[in-house]
Structures are given as structure tokens and as C-alpha cells.
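Student: Below is the file upload-v8.cif, which contains mmCIF, C-alpha atoms.
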data_structure
#
loop_
_atom_site.group_PDB
_atom_site.id
_atom_site.type_symbol
_atom_site.label_atom_id
_atom_site.label_comp_id
_atom_site.auth_asym_id
_atom_site.auth_seq_id
_atom_site.Cartn_x
_atom_site.Cartn_y
_atom_site.Cartn_z
ATOM 1 C CA MET L 1035 6.297 32.402 7.845
ATOM 2 C CA SER L 1036 6.669 31.544 11.537
ATOM 3 C CA PHE L 1037 7.957 28.156 12.648
ATOM 4 C CA GLN L 1038 4.512 27.285 14.058
ATOM 5 C CA LYS L 1039 2.789 27.991 10.739
ATOM 6 C CA PHE L 1040 5.453 26.079 8.811
ATOM 7 C CA SER L 1041 5.136 23.116 11.175
ATOM 8 C CA ALA L 1042 1.331 23.175 10.850
ATOM 9 C CA LYS L 1043 1.623 23.206 7.046
ATOM 10 C CA ILE L 1044 3.959 20.199 7.127
ATOM 11 C CA ASP L 1045 1.513 18.378 9.411
ATOM 12 C CA ASN L 1046 -1.318 19.137 6.980
ATOM 13 C CA TYR L 1047 0.564 17.644 4.046
ATOM 14 C CA LEU L 1048 1.599 14.597 6.096
ATOM 15 C CA SER L 1049 -2.077 14.115 6.915
ATOM 16 C CA LEU L 1050 -3.038 14.634 3.261
ATOM 17 C CA VAL L 1051 -0.823 11.753 2.135
ATOM 18 C CA LYS L 1052 -1.560 9.615 5.220
ATOM 19 C CA PHE L 1053 2.165 9.310 5.894
ATOM 20 C CA SER L 1054 1.533 6.807 8.698
ATOM 21 C CA HIS L 1055 0.156 4.353 6.110
ATOM 22 C CA THR L 1056 3.692 3.977 4.761
ATOM 23 C CA ILE L 1057 4.005 1.022 7.133
ATOM 24 C CA PHE L 1058 1.996 -1.110 4.698
ATOM 25 C CA ALA L 1059 4.442 -1.095 1.767
ATOM 26 C CA LEU L 1060 7.740 0.121 3.240
ATOM 27 C CA PRO L 1061 8.566 -3.092 5.186
ATOM 28 C CA PHE L 1062 8.087 -5.130 2.000
ATOM 29 C CA ALA L 1063 10.268 -2.725 0.036
ATOM 30 C CA LEU L 1064 13.007 -3.191 2.634
ATOM 31 C CA LEU L 1065 12.513 -6.952 2.382
ATOM 32 C CA GLY L 1066 12.941 -6.810 -1.406
ATOM 33 C CA PHE L 1067 16.081 -4.685 -0.986
ATOM 34 C CA SER L 1068 17.533 -7.043 1.637
ATOM 35 C CA LEU L 1069 16.681 -10.108 -0.430
ATOM 36 C CA ALA L 1070 18.499 -8.694 -3.458
ATOM 37 C CA THR L 1071 21.535 -7.585 -1.452
ATOM 38 C CA ILE L 1072 22.034 -10.783 0.548
ATOM 39 C CA HIS L 1073 20.978 -13.436 -1.996
ATOM 40 C CA ASN L 1074 23.264 -11.870 -4.583
ATOM 41 C CA SER L 1075 26.120 -11.419 -2.095
ATOM 42 C CA SER L 1076 26.193 -7.700 -2.836
ATOM 43 C CA SER L 1077 27.702 -5.201 -0.449
ATOM 44 C CA LEU L 1078 25.209 -2.901 1.214
ATOM 45 C CA SER L 1079 24.942 0.373 -0.691
ATOM 46 C CA TRP L 1080 23.649 3.111 1.590
ATOM 47 C CA LYS L 1081 23.286 5.423 -1.399
ATOM 48 C CA LEU L 1082 21.062 2.890 -3.147
ATOM 49 C CA LEU L 1083 19.035 2.307 0.021
ATOM 50 C CA VAL L 1084 18.416 6.047 0.369
ATOM 51 C CA LEU L 1085 17.343 6.230 -3.288
ATOM 52 C CA VAL L 1086 14.896 3.331 -2.799
ATOM 53 C CA LEU L 1087 13.436 5.017 0.295
ATOM 54 C CA LEU L 1088 13.129 8.298 -1.618
ATOM 55 C CA CYS L 1089 11.311 6.487 -4.439
ATOM 56 C CA MET L 1090 8.887 5.051 -1.879
ATOM 57 C CA LEU L 1091 8.355 8.479 -0.351
ATOM 58 C CA PHE L 1092 7.846 10.322 -3.646
ATOM 59 C CA ALA L 1093 5.615 7.604 -5.128
ATOM 60 C CA ARG L 1094 3.342 7.501 -2.070
ATOM 61 C CA ASN L 1095 3.135 11.272 -1.842
ATOM 62 C CA ALA L 1096 2.258 11.518 -5.533
ATOM 63 C CA ALA L 1097 -0.359 8.749 -5.327
ATOM 64 C CA MET L 1098 -2.064 9.873 -2.119
ATOM 65 C CA SER L 1099 -2.210 13.580 -2.952
ATOM 66 C CA PHE L 1100 -3.540 12.762 -6.435
ATOM 67 C CA ASN L 1101 -6.138 10.481 -4.849
ATOM 68 C CA ARG L 1102 -7.297 13.263 -2.538
ATOM 69 C CA TRP L 1103 -7.417 15.694 -5.483
ATOM 70 C CA ALA L 1104 -9.314 13.265 -7.723
ATOM 71 C CA ASP L 1105 -11.826 12.436 -4.948
ATOM 72 C CA ARG L 1106 -12.282 15.986 -3.686
ATOM 73 C CA ASP L 1107 -15.934 16.288 -4.790
ATOM 74 C CA ILE L 1108 -16.788 12.806 -3.507
ATOM 75 C CA ASP L 1109 -15.041 13.410 -0.182
ATOM 76 C CA GLU L 1110 -16.961 16.635 0.307
ATOM 77 C CA VAL L 1111 -20.366 14.915 0.295
ATOM 78 C CA ASN L 1112 -19.310 11.789 2.186
ATOM 79 C CA PRO L 1113 -19.738 12.393 5.959
ATOM 80 C CA ARG L 1114 -16.825 10.037 6.708
ATOM 81 C CA THR L 1115 -14.378 11.980 4.536
ATOM 82 C CA ALA L 1116 -15.739 15.544 4.666
ATOM 83 C CA THR L 1117 -13.060 16.570 7.179
ATOM 84 C CA ARG L 1118 -10.174 15.644 4.881
ATOM 85 C CA GLU L 1119 -7.794 18.452 3.996
ATOM 86 C CA ILE L 1120 -9.202 19.491 0.599
ATOM 87 C CA PRO L 1121 -12.957 19.488 1.399
ATOM 88 C CA ALA L 1122 -12.153 21.129 4.738
ATOM 89 C CA ARG L 1123 -10.243 23.863 2.831
ATOM 90 C CA VAL L 1124 -7.097 23.188 4.828
ATOM 91 C CA ILE L 1125 -5.157 22.539 1.602
ATOM 92 C CA GLY L 1126 -6.252 23.992 -1.739
ATOM 93 C CA GLN L 1127 -7.059 21.564 -4.543
ATOM 94 C CA GLY L 1128 -4.514 23.266 -6.808
ATOM 95 C CA SER L 1129 -1.832 22.904 -4.143
ATOM 96 C CA ALA L 1130 -2.636 19.211 -3.704
ATOM 97 C CA LEU L 1131 -2.371 18.578 -7.457
ATOM 98 C CA ALA L 1132 0.897 20.532 -7.677
ATOM 99 C CA PHE L 1133 2.263 18.528 -4.730
ATOM 100 C CA SER L 1134 1.363 15.314 -6.571
ATOM 101 C CA ILE L 1135 3.051 16.419 -9.809
ATOM 102 C CA ILE L 1136 6.218 17.562 -8.020
ATOM 103 C CA ASN L 1137 6.520 14.239 -6.194
ATOM 104 C CA ALA L 1138 5.907 12.289 -9.407
ATOM 105 C CA VAL L 1139 8.741 14.209 -11.100
ATOM 106 C CA PHE L 1140 11.062 13.607 -8.138
ATOM 107 C CA PHE L 1141 10.162 9.896 -8.254
ATOM 108 C CA VAL L 1142 11.226 9.633 -11.902
ATOM 109 C CA ILE L 1143 14.425 11.587 -11.198
ATOM 110 C CA ALA L 1144 15.292 9.263 -8.296
ATOM 111 C CA THR L 1145 14.872 6.179 -10.518
ATOM 112 C CA TRP L 1146 17.299 7.755 -13.029
ATOM 113 C CA PHE L 1147 20.031 7.580 -10.387
ATOM 114 C CA ILE L 1148 19.256 3.927 -9.592
ATOM 115 C CA ASN L 1149 19.542 2.098 -12.935
ATOM 116 C CA PRO L 1150 18.131 2.283 -16.490
ATOM 117 C CA LEU L 1151 15.525 -0.463 -15.962
ATOM 118 C CA CYS L 1152 13.964 1.288 -12.972
ATOM 119 C CA PHE L 1153 13.954 4.560 -14.906
ATOM 120 C CA TYR L 1154 12.260 3.022 -17.972
ATOM 121 C CA LEU L 1155 9.642 1.320 -15.776
ATOM 122 C CA SER L 1156 8.924 4.423 -13.674
ATOM 123 C CA PRO L 1157 6.144 5.781 -15.972
ATOM 124 C CA ILE L 1158 4.359 2.418 -15.760
ATOM 125 C CA ALA L 1159 4.565 2.540 -11.968
ATOM 126 C CA LEU L 1160 3.104 6.055 -11.995
ATOM 127 C CA ILE L 1161 0.253 4.991 -14.287
ATOM 128 C CA VAL L 1162 -0.671 2.239 -11.822
ATOM 129 C CA ILE L 1163 -0.432 4.231 -8.589
ATOM 130 C CA LEU L 1164 -2.076 7.365 -9.986
ATOM 131 C CA GLY L 1165 -4.627 5.534 -12.113
ATOM 132 C CA TYR L 1166 -6.020 3.716 -9.073
ATOM 133 C CA SER L 1167 -7.709 6.937 -7.934
ATOM 134 C CA LEU L 1168 -10.035 6.903 -10.958
ATOM 135 C CA THR L 1169 -10.906 3.206 -11.093
ATOM 136 C CA LYS L 1170 -13.774 3.036 -8.596
ATOM 137 C CA ARG L 1171 -15.821 5.169 -10.984
ATOM 138 C CA PHE L 1172 -15.998 2.308 -13.501
ATOM 139 C CA THR L 1173 -14.861 -0.994 -11.937
ATOM 140 C CA ALA L 1174 -15.186 -2.921 -8.693
ATOM 141 C CA LEU L 1175 -11.637 -4.178 -9.292
ATOM 142 C CA SER L 1176 -10.239 -0.938 -7.839
ATOM 143 C CA HIS L 1177 -9.108 -2.845 -4.719
ATOM 144 C CA PHE L 1178 -6.803 -4.940 -6.898
ATOM 145 C CA ILE L 1179 -5.342 -1.878 -8.617
ATOM 146 C CA LEU L 1180 -4.487 -0.485 -5.181
ATOM 147 C CA GLY L 1181 -2.976 -3.855 -4.298
ATOM 148 C CA LEU L 1182 -0.926 -3.817 -7.483
ATOM 149 C CA GLY L 1183 0.376 -0.346 -6.640
ATOM 150 C CA LEU L 1184 1.712 -1.470 -3.262
ATOM 151 C CA ALA L 1185 2.888 -4.780 -4.739
ATOM 152 C CA LEU L 1186 5.417 -2.878 -6.838
ATOM 153 C CA ALA L 1187 7.452 -2.168 -3.676
ATOM 154 C CA PRO L 1188 9.317 -5.475 -3.108
ATOM 155 C CA THR L 1189 9.993 -6.145 -6.788
ATOM 156 C CA GLY L 1190 10.935 -2.509 -7.400
ATOM 157 C CA ALA L 1191 13.432 -2.562 -4.534
ATOM 158 C CA TYR L 1192 14.857 -5.851 -5.828
ATOM 159 C CA LEU L 1193 15.267 -4.364 -9.319
ATOM 160 C CA ALA L 1194 17.037 -1.361 -7.830
ATOM 161 C CA VAL L 1195 19.815 -3.619 -6.540
ATOM 162 C CA THR L 1196 20.025 -6.284 -9.256
ATOM 163 C CA GLY L 1197 18.586 -4.688 -12.403
ATOM 164 C CA ARG L 1198 16.710 -7.921 -13.150
ATOM 165 C CA PHE L 1199 13.585 -9.829 -12.148
ATOM 166 C CA ASP L 1200 13.546 -12.947 -9.989
ATOM 167 C CA TRP L 1201 10.881 -15.379 -8.831
ATOM 168 C CA ILE L 1202 11.016 -14.777 -5.074
ATOM 169 C CA PRO L 1203 10.370 -10.994 -5.082
ATOM 170 C CA VAL L 1204 7.696 -11.458 -7.766
ATOM 171 C CA ILE L 1205 5.911 -14.073 -5.628
ATOM 172 C CA ILE L 1206 6.173 -11.777 -2.601
ATOM 173 C CA SER L 1207 4.724 -8.970 -4.735
ATOM 174 C CA PHE L 1208 1.742 -11.129 -5.668
ATOM 175 C CA SER L 1209 1.235 -11.888 -1.975
ATOM 176 C CA VAL L 1210 1.232 -8.135 -1.246
ATOM 177 C CA LEU L 1211 -1.314 -7.628 -4.045
ATOM 178 C CA CYS L 1212 -3.687 -10.179 -2.462
ATOM 179 C CA TRP L 1213 -3.049 -8.919 1.077
ATOM 180 C CA VAL L 1214 -3.713 -5.260 0.284
ATOM 181 C CA SER L 1215 -6.725 -6.031 -1.935
ATOM 182 C CA GLY L 1216 -8.188 -8.100 0.889
ATOM 183 C CA PHE L 1217 -7.875 -5.494 3.614
ATOM 184 C CA ASP L 1218 -8.995 -2.702 1.264
ATOM 185 C CA ILE L 1219 -12.217 -4.621 0.674
ATOM 186 C CA ILE L 1220 -12.737 -4.688 4.447
ATOM 187 C CA TYR L 1221 -12.044 -0.943 4.662
ATOM 188 C CA SER L 1222 -14.495 -0.163 1.844
ATOM 189 C CA LEU L 1223 -17.356 -1.765 3.787
ATOM 190 C CA GLN L 1224 -17.712 1.560 5.579
ATOM 191 C CA ASP L 1225 -18.827 3.301 2.385
ATOM 192 C CA ASP L 1226 -20.963 0.690 0.633
ATOM 193 C CA GLU L 1227 -24.241 2.572 1.102
ATOM 194 C CA PHE L 1228 -22.660 5.854 0.027
ATOM 195 C CA ASP L 1229 -21.018 4.177 -2.977
ATOM 196 C CA LYS L 1230 -24.357 2.714 -4.092
ATOM 197 C CA GLU L 1231 -26.032 6.113 -3.901
ATOM 198 C CA TYR L 1232 -23.298 7.829 -5.912
ATOM 199 C CA GLN L 1233 -22.784 4.927 -8.343
ATOM 200 C CA LEU L 1234 -19.236 4.153 -7.264
ATOM 201 C CA ARG L 1235 -17.908 0.616 -7.683
ATOM 202 C CA SER L 1236 -16.509 -1.692 -5.015
ATOM 203 C CA MET L 1237 -16.683 -5.355 -4.080
ATOM 204 C CA PRO L 1238 -19.122 -4.704 -1.200
ATOM 205 C CA VAL L 1239 -21.397 -2.874 -3.658
ATOM 206 C CA MET L 1240 -21.141 -5.610 -6.285
ATOM 207 C CA LEU L 1241 -21.223 -8.675 -4.025
ATOM 208 C CA GLY L 1242 -22.817 -7.452 -0.800
ATOM 209 C CA ARG L 1243 -21.056 -7.320 2.547
ATOM 210 C CA LYS L 1244 -21.110 -11.061 3.313
ATOM 211 C CA ARG L 1245 -19.646 -12.178 -0.003
ATOM 212 C CA ALA L 1246 -17.155 -9.312 -0.055
ATOM 213 C CA LEU L 1247 -15.856 -10.376 3.358
ATOM 214 C CA PHE L 1248 -15.574 -13.963 2.124
ATOM 215 C CA LEU L 1249 -13.603 -12.783 -0.924
ATOM 216 C CA SER L 1250 -11.306 -10.847 1.411
ATOM 217 C CA LEU L 1251 -10.757 -14.012 3.453
ATOM 218 C CA VAL L 1252 -9.926 -16.005 0.302
ATOM 219 C CA LEU L 1253 -7.436 -13.338 -0.779
ATOM 220 C CA HIS L 1254 -5.722 -13.472 2.609
ATOM 221 C CA PHE L 1255 -5.576 -17.261 2.413
ATOM 222 C CA ILE L 1256 -3.856 -16.922 -0.991
ATOM 223 C CA THR L 1257 -1.492 -14.360 0.591
ATOM 224 C CA ALA L 1258 -0.361 -16.905 3.176
ATOM 225 C CA ILE L 1259 0.041 -19.644 0.530
ATOM 226 C CA LEU L 1260 2.194 -17.403 -1.671
ATOM 227 C CA LEU L 1261 4.452 -16.482 1.255
ATOM 228 C CA ILE L 1262 4.831 -20.190 2.055
ATOM 229 C CA VAL L 1263 5.873 -20.788 -1.575
ATOM 230 C CA ALA L 1264 8.346 -17.873 -1.366
ATOM 231 C CA GLY L 1265 9.762 -19.308 1.860
ATOM 232 C CA VAL L 1266 10.291 -22.751 0.313
ATOM 233 C CA ILE L 1267 11.831 -21.451 -2.929
ATOM 234 C CA GLY L 1268 14.004 -18.968 -1.041
ATOM 235 C CA ASP L 1269 15.173 -21.662 1.395
ATOM 236 C CA PHE L 1270 14.284 -19.491 4.383
ATOM 237 C CA LYS L 1271 14.892 -20.870 7.858
ATOM 238 C CA THR L 1272 13.110 -20.940 11.221
ATOM 239 C CA ILE L 1273 12.937 -17.196 11.891
ATOM 240 C CA TYR L 1274 11.118 -16.585 8.598
ATOM 241 C CA TRP L 1275 8.511 -19.239 9.386
ATOM 242 C CA ILE L 1276 7.916 -17.805 12.860
ATOM 243 C CA GLY L 1277 7.381 -14.383 11.306
ATOM 244 C CA LEU L 1278 5.030 -15.833 8.708
ATOM 245 C CA GLY L 1279 3.101 -17.600 11.472
ATOM 246 C CA ILE L 1280 2.607 -14.342 13.390
ATOM 247 C CA PHE L 1281 1.715 -12.511 10.167
ATOM 248 C CA SER L 1282 -0.906 -15.152 9.295
ATOM 249 C CA ILE L 1283 -2.457 -15.065 12.766
ATOM 250 C CA LEU L 1284 -2.845 -11.284 12.584
ATOM 251 C CA LEU L 1285 -4.093 -11.574 9.008
ATOM 252 C CA PHE L 1286 -6.905 -13.940 9.877
ATOM 253 C CA TYR L 1287 -7.691 -12.393 13.260
ATOM 254 C CA GLN L 1288 -9.083 -9.306 11.528
ATOM 255 C CA HIS L 1289 -11.746 -11.539 9.985
ATOM 256 C CA THR L 1290 -12.959 -12.480 13.449
ATOM 257 C CA ILE L 1291 -13.448 -8.879 14.593
ATOM 258 C CA VAL L 1292 -15.135 -7.440 11.490
ATOM 259 C CA LYS L 1293 -18.625 -8.710 10.687
ATOM 260 C CA TYR L 1294 -20.918 -7.735 7.833
ATOM 261 C CA ASN L 1295 -23.342 -6.265 10.382
ATOM 262 C CA ASP L 1296 -20.733 -4.869 12.803
ATOM 263 C CA LEU L 1297 -18.122 -2.502 11.366
ATOM 264 C CA ARG L 1298 -17.045 -0.868 14.604
ATOM 265 C CA ARG L 1299 -13.533 -2.361 14.443
ATOM 266 C CA VAL L 1300 -12.825 -1.860 10.751
ATOM 267 C CA ASN L 1301 -10.167 0.760 11.467
ATOM 268 C CA MET L 1302 -8.447 -1.533 13.952
ATOM 269 C CA ALA L 1303 -8.403 -4.302 11.353
ATOM 270 C CA PHE L 1304 -7.339 -2.001 8.522
ATOM 271 C CA PHE L 1305 -4.566 -0.011 10.141
ATOM 272 C CA THR L 1306 -3.452 -1.507 13.449
ATOM 273 C CA LEU L 1307 -3.436 -5.223 12.652
ATOM 274 C CA ASN L 1308 -2.175 -4.947 9.079
ATOM 275 C CA GLY L 1309 0.430 -2.362 10.046
ATOM 276 C CA ILE L 1310 1.799 -4.564 12.821
ATOM 277 C CA ALA L 1311 1.630 -7.636 10.568
ATOM 278 C CA SER L 1312 3.729 -6.066 7.803
ATOM 279 C CA ILE L 1313 6.402 -4.803 10.203
ATOM 280 C CA VAL L 1314 6.641 -8.114 12.072
ATOM 281 C CA PHE L 1315 6.842 -10.236 8.933
ATOM 282 C CA ALA L 1316 9.471 -8.059 7.240
ATOM 283 C CA LEU L 1317 11.528 -7.834 10.446
ATOM 284 C CA PHE L 1318 11.585 -11.612 10.899
ATOM 285 C CA ALA L 1319 12.234 -12.297 7.201
ATOM 286 C CA ILE L 1320 15.108 -9.784 7.006
ATOM 287 C CA THR L 1321 16.599 -11.150 10.238
ATOM 288 C CA ASP L 1322 16.414 -14.650 8.768
ATOM 289 C CA LEU L 1323 18.255 -13.427 5.655
ATOM 290 C CA ILE L 1324 20.980 -11.772 7.710
ATOM 291 C CA LEU L 1325 21.549 -14.767 9.969
#
Can you give me the file's structure in the form of C-alpha cells?

Tutor:
Amino acid sequence: MSFQKFSAKIDNYLSLVKFSHTIFALPFALLGFSLATIHNSSSLSWKLLVLVLLCMLFARNAAMSFNRWADRDIDEVNPRTATREIPARVIGQGSALAFSIINAVFFVIATWFINPLCFYLSPIALIVILGYSLTKRFTALSHFILGLGLALAPTGAYLAVTGRFDWIPVIISFSVLCWVSGFDIIYSLQDDEFDKEYQLRSMPVMLGRKRALFLSLVLHFITAILLIVAGVIGDFKTIYWIGLGIFSILLFYQHTIVKYNDLRRVNMAFFTLNGIASIVFALFAITDLIL
């Protein structure tokens, strides 16, 4: 295989798993890792950090490729998703499933080298992140399952360092659950008519666009409240609160640019604003911890 063909194949798989979307959960995983290391006065373990990053990589790859495999028939008939790798025949459905299984196995192996608790909990994590792909066929709560999947990142990273649970990472995880569920509801507005026709479940289908957007706003309000609680309990200082202020502004700004009858800027709200928000908040919070 030539280098060009190999490079193109890598690009196809990166596109399949939407590698760029790693910016949603990865900053919070790094925050959980930093919180555990600094609050427990542990020395920085580069080996452990690499293992946590590998777990993030393998888990996301497994979840996203399984999602594309599970939705292959739906994606093929949806004009918005018909150009994705499997319906476009860029990647075979068998290859996508095999890629998911391989990454799931590597994820479990990586947790084995972290600590026993992470290893024992790894099947539960896989059930959540893989099971999400099937939920919209029978429940409108699928947004919250996705949120739960990404919410595992900060607590999982904390467990990797300490081997025990603690209130602050758990509260941050609940904030991630609400944050992700809220912006996923906004993203799903694009497919509400398609979902109705094919009997798929979502909050916009169940509640209508107006009420779904209001629910998303409520979830983002709860996100901000939970991060305030985490900041108070964790005794964070000025830099954390500045970061939370910027995060909250970006969080609520997306609700001013997406309307129930105007979805032109959904992608900007979904990816750009939330991506920037997660990076900024984690950067400020980690800096606050270090200083």
C-alpha cells in the first residue's frame, strides 16, 4: 500500500469516529486527572496520564465506530448523513464493526494497567457508550445516555489516579451530563422531521422544537449551577471563576443564535461554541489548581 493510500485510509477512519469531537470530553478528563493529582498531593505520573489518554482514545473510537455501524441503514436514507463513510461505501460496515471491537478490547486492556477498580468498571463504561447508539429507537432519553457516556471522563480519570470516588469529580461529571445532553438536543433539531417519519425518538420529536430548546436551556442552567457547587466545595480561586464565567457565556450564547424556526447556526452552536467552552473552562480550572 502506498503512503498516499495509507494516509487516506487513516483520514477516513478519523472522519468515521469524528476525531475532532474529542475536544468535548478530553478537557474534562484532563481536569479530573489534574484534580486527583493535585488535591491528593500525588506526583505526576506520565505513564498514568498516557494510559488515561489511551482509554479516552479507545473508548471514543469504539463508541463512534459502533454508532456509525448501528446507524448505517438510517444514515443511508437521511440526506444529512448519506455522505458518511459507511453509506458512502468509503469504509465497509464489517470493517467499522471490527474497528469498534478492537478499540473496545484495547480500552479494557488499558484499564487493566491502571488499577483494579477501573478494570472492573470498564465493561459498565462500554455498555453505556456503546448502548447509546441503540437508544433512539425506543426512548427520547437518548440525549442523556450520550451525556452519561461523556460524563464518565472526569470521574474515570480521577479514579485512575486515586482508585476511589470523590464528590468534586462526580459533581463535575453530572455537569458534563447536563451540558452534553443540552447541546445534543440542539443538534438533534436538524433531524426532527426525519426522526418522526422513521419513528426515531428524540426530545424535539417528543416535545416539539420550542419546548426542546427550553429543556436544553434548563439543562445548561443546571450545568452552570453544578460547576458553581464544584467550585465552592473544591475551594477554587479566581482563575477558576473567570473560566466558569467564560464557559457560561459561551454556553448561553448558543441559545441566542439557534431558534426553533432558524437552524442555520446549529453546527456553530454544537461544535464551535461548545468545543471552545470546554477547552477554556478546563484550561482555567487546571491553571487554578496548579497555582

Student: Using the chain letters and numbers from the file, give me the residues hit by the PyMOL selection byres ((chain L and resi 1168-1171) around 12), as number ranges by chain.

Tutor: L: 1097, 1100-1106, 1108, 1161-1167, 1172-1180, 1222, 1226, 1229-1230, 1232-1240

Student: In Å to one decimal, how far is CA of Phe1286 (chain L) from CA of Phe1315 (chain L)?

Tutor: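 Separating CA of Phe1315 (chain L) from CA of Phe1286 (chain L) is a distance of 14.3 Å.
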
Student: Determine the nearest neighbour of Asp1107 (chain L) from the options L:Asn1301, L:Thr1145, L:Asn1074, L:Gln1127, counting all atoms listed in the file.

Tutor: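 Under the stated criterion, the closest residue is L:Gln1127.
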
Student: Restricting the calculation to all atoms listed in the file, which member of L:Phe1067, L:Phe1133, L:Phe1058, L:Phe1255 is positioned closest to Ile1283 (chain L)?

Tutor: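 Residue with the minimum atom-to-atom distance to Ile1283 (chain L): L:Phe1255.
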
Student: In terms of the shortest atom-to-atom distance over only C-alpha atoms, which of L:Val1210, L:Ile1313, L:Ile1256, L:Ile1220 is closest to Gln1288 (chain L)?

Tutor: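 Closest to Gln1288 (chain L), using only C-alpha atoms: L:Ile1220.
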
Student: Figure out the distance between CA of Ser1134 (chain L) and CA of Val1195 (chain L), please, to one decimal in Å.

Tutor: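 CA of Ser1134 (chain L) lies 26.4 Å from CA of Val1195 (chain L).
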
Student: What separation in Å, quoted to one decimal, exists between CA of Cys1152 (chain L) and CA of Gly1066 (chain L)?

Tutor: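 One can read the CA of Cys1152 (chain L) to CA of Gly1066 (chain L) distance as 14.2 Å.
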
Student: Measuring atom to atom with only C-alpha atoms, identify which of L:Leu1285, L:Ser1068, L:Leu1241, L:Ile1205 is nearest to Val1266 (chain L).

Tutor: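 Closest candidate: L:Ile1205.
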
Student: Restricting the calculation to all atoms listed in the file, which member of L:Tyr1047, L:Phe1092, L:Trp1201, L:Tyr1274 is positioned closest to Ile1125 (chain L)?

Tutor: L:Tyr1047

Student: Pick out the closest residue to Ala1185 (chain L) from this set: L:Ala1316, L:Leu1223, L:Ala1059, L:Ile1135. Count only C-alpha atoms.

Tutor: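 Residue with the minimum atom-to-atom distance to Ala1185 (chain L): L:Ala1059.
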
Student: Going by the chain IDs and residue numbers used in this file, which residues fall under the PyMOL selection byres ((chain L and resi 1314) around 12)? Write them as a PyMOL selection string.

Tutor: chain L and resi 1057-1058+1061-1062+1065+1273-1285+1307-1313+1315-1321

Student: So that I can see what lies close to Lys1052 (chain L), please list as a list of chain:residue names the residues with an atom at most 12 Å from it, counting all atoms listed in the file and leaving out residues fewer than 3 positions away in the same chain.

Tutor: L:Asp1045, L:Asn1046, L:Tyr1047, L:Leu1048, L:Ser1049, L:His1055, L:Thr1056, L:Ile1057, L:Phe1058, L:Leu1091, L:Arg1094, L:Asn1095, L:Ala1096, L:Ala1097, L:Met1098, L:Ser1099, L:Asn1101, L:Arg1102, L:Arg1118, L:Glu1119, L:Phe1305

Student: Store the residues picked out above, limited to C-alpha atoms, as a CSV table (one decimal), in the frame of the given file.

Tutor:
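Saved as part32.csv:
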chain,number,residue,atom,x,y,z
L,1045,ASP,CA,1.5,18.4,9.4
L,1046,ASN,CA,-1.3,19.1,7.0
L,1047,TYR,CA,0.6,17.6,4.0
L,1048,LEU,CA,1.6,14.6,6.1
L,1049,SER,CA,-2.1,14.1,6.9
L,1055,HIS,CA,0.2,4.4,6.1
L,1056,THR,CA,3.7,4.0,4.8
L,1057,ILE,CA,4.0,1.0,7.1
L,1058,PHE,CA,2.0,-1.1,4.7
L,1091,LEU,CA,8.4,8.5,-0.4
L,1094,ARG,CA,3.3,7.5,-2.1
L,1095,ASN,CA,3.1,11.3,-1.8
L,1096,ALA,CA,2.3,11.5,-5.5
L,1097,ALA,CA,-0.4,8.7,-5.3
L,1098,MET,CA,-2.1,9.9,-2.1
L,1099,SER,CA,-2.2,13.6,-3.0
L,1101,ASN,CA,-6.1,10.5,-4.8
L,1102,ARG,CA,-7.3,13.3,-2.5
L,1118,ARG,CA,-10.2,15.6,4.9
L,1119,GLU,CA,-7.8,18.5,4.0
L,1305,PHE,CA,-4.6,0.0,10.1
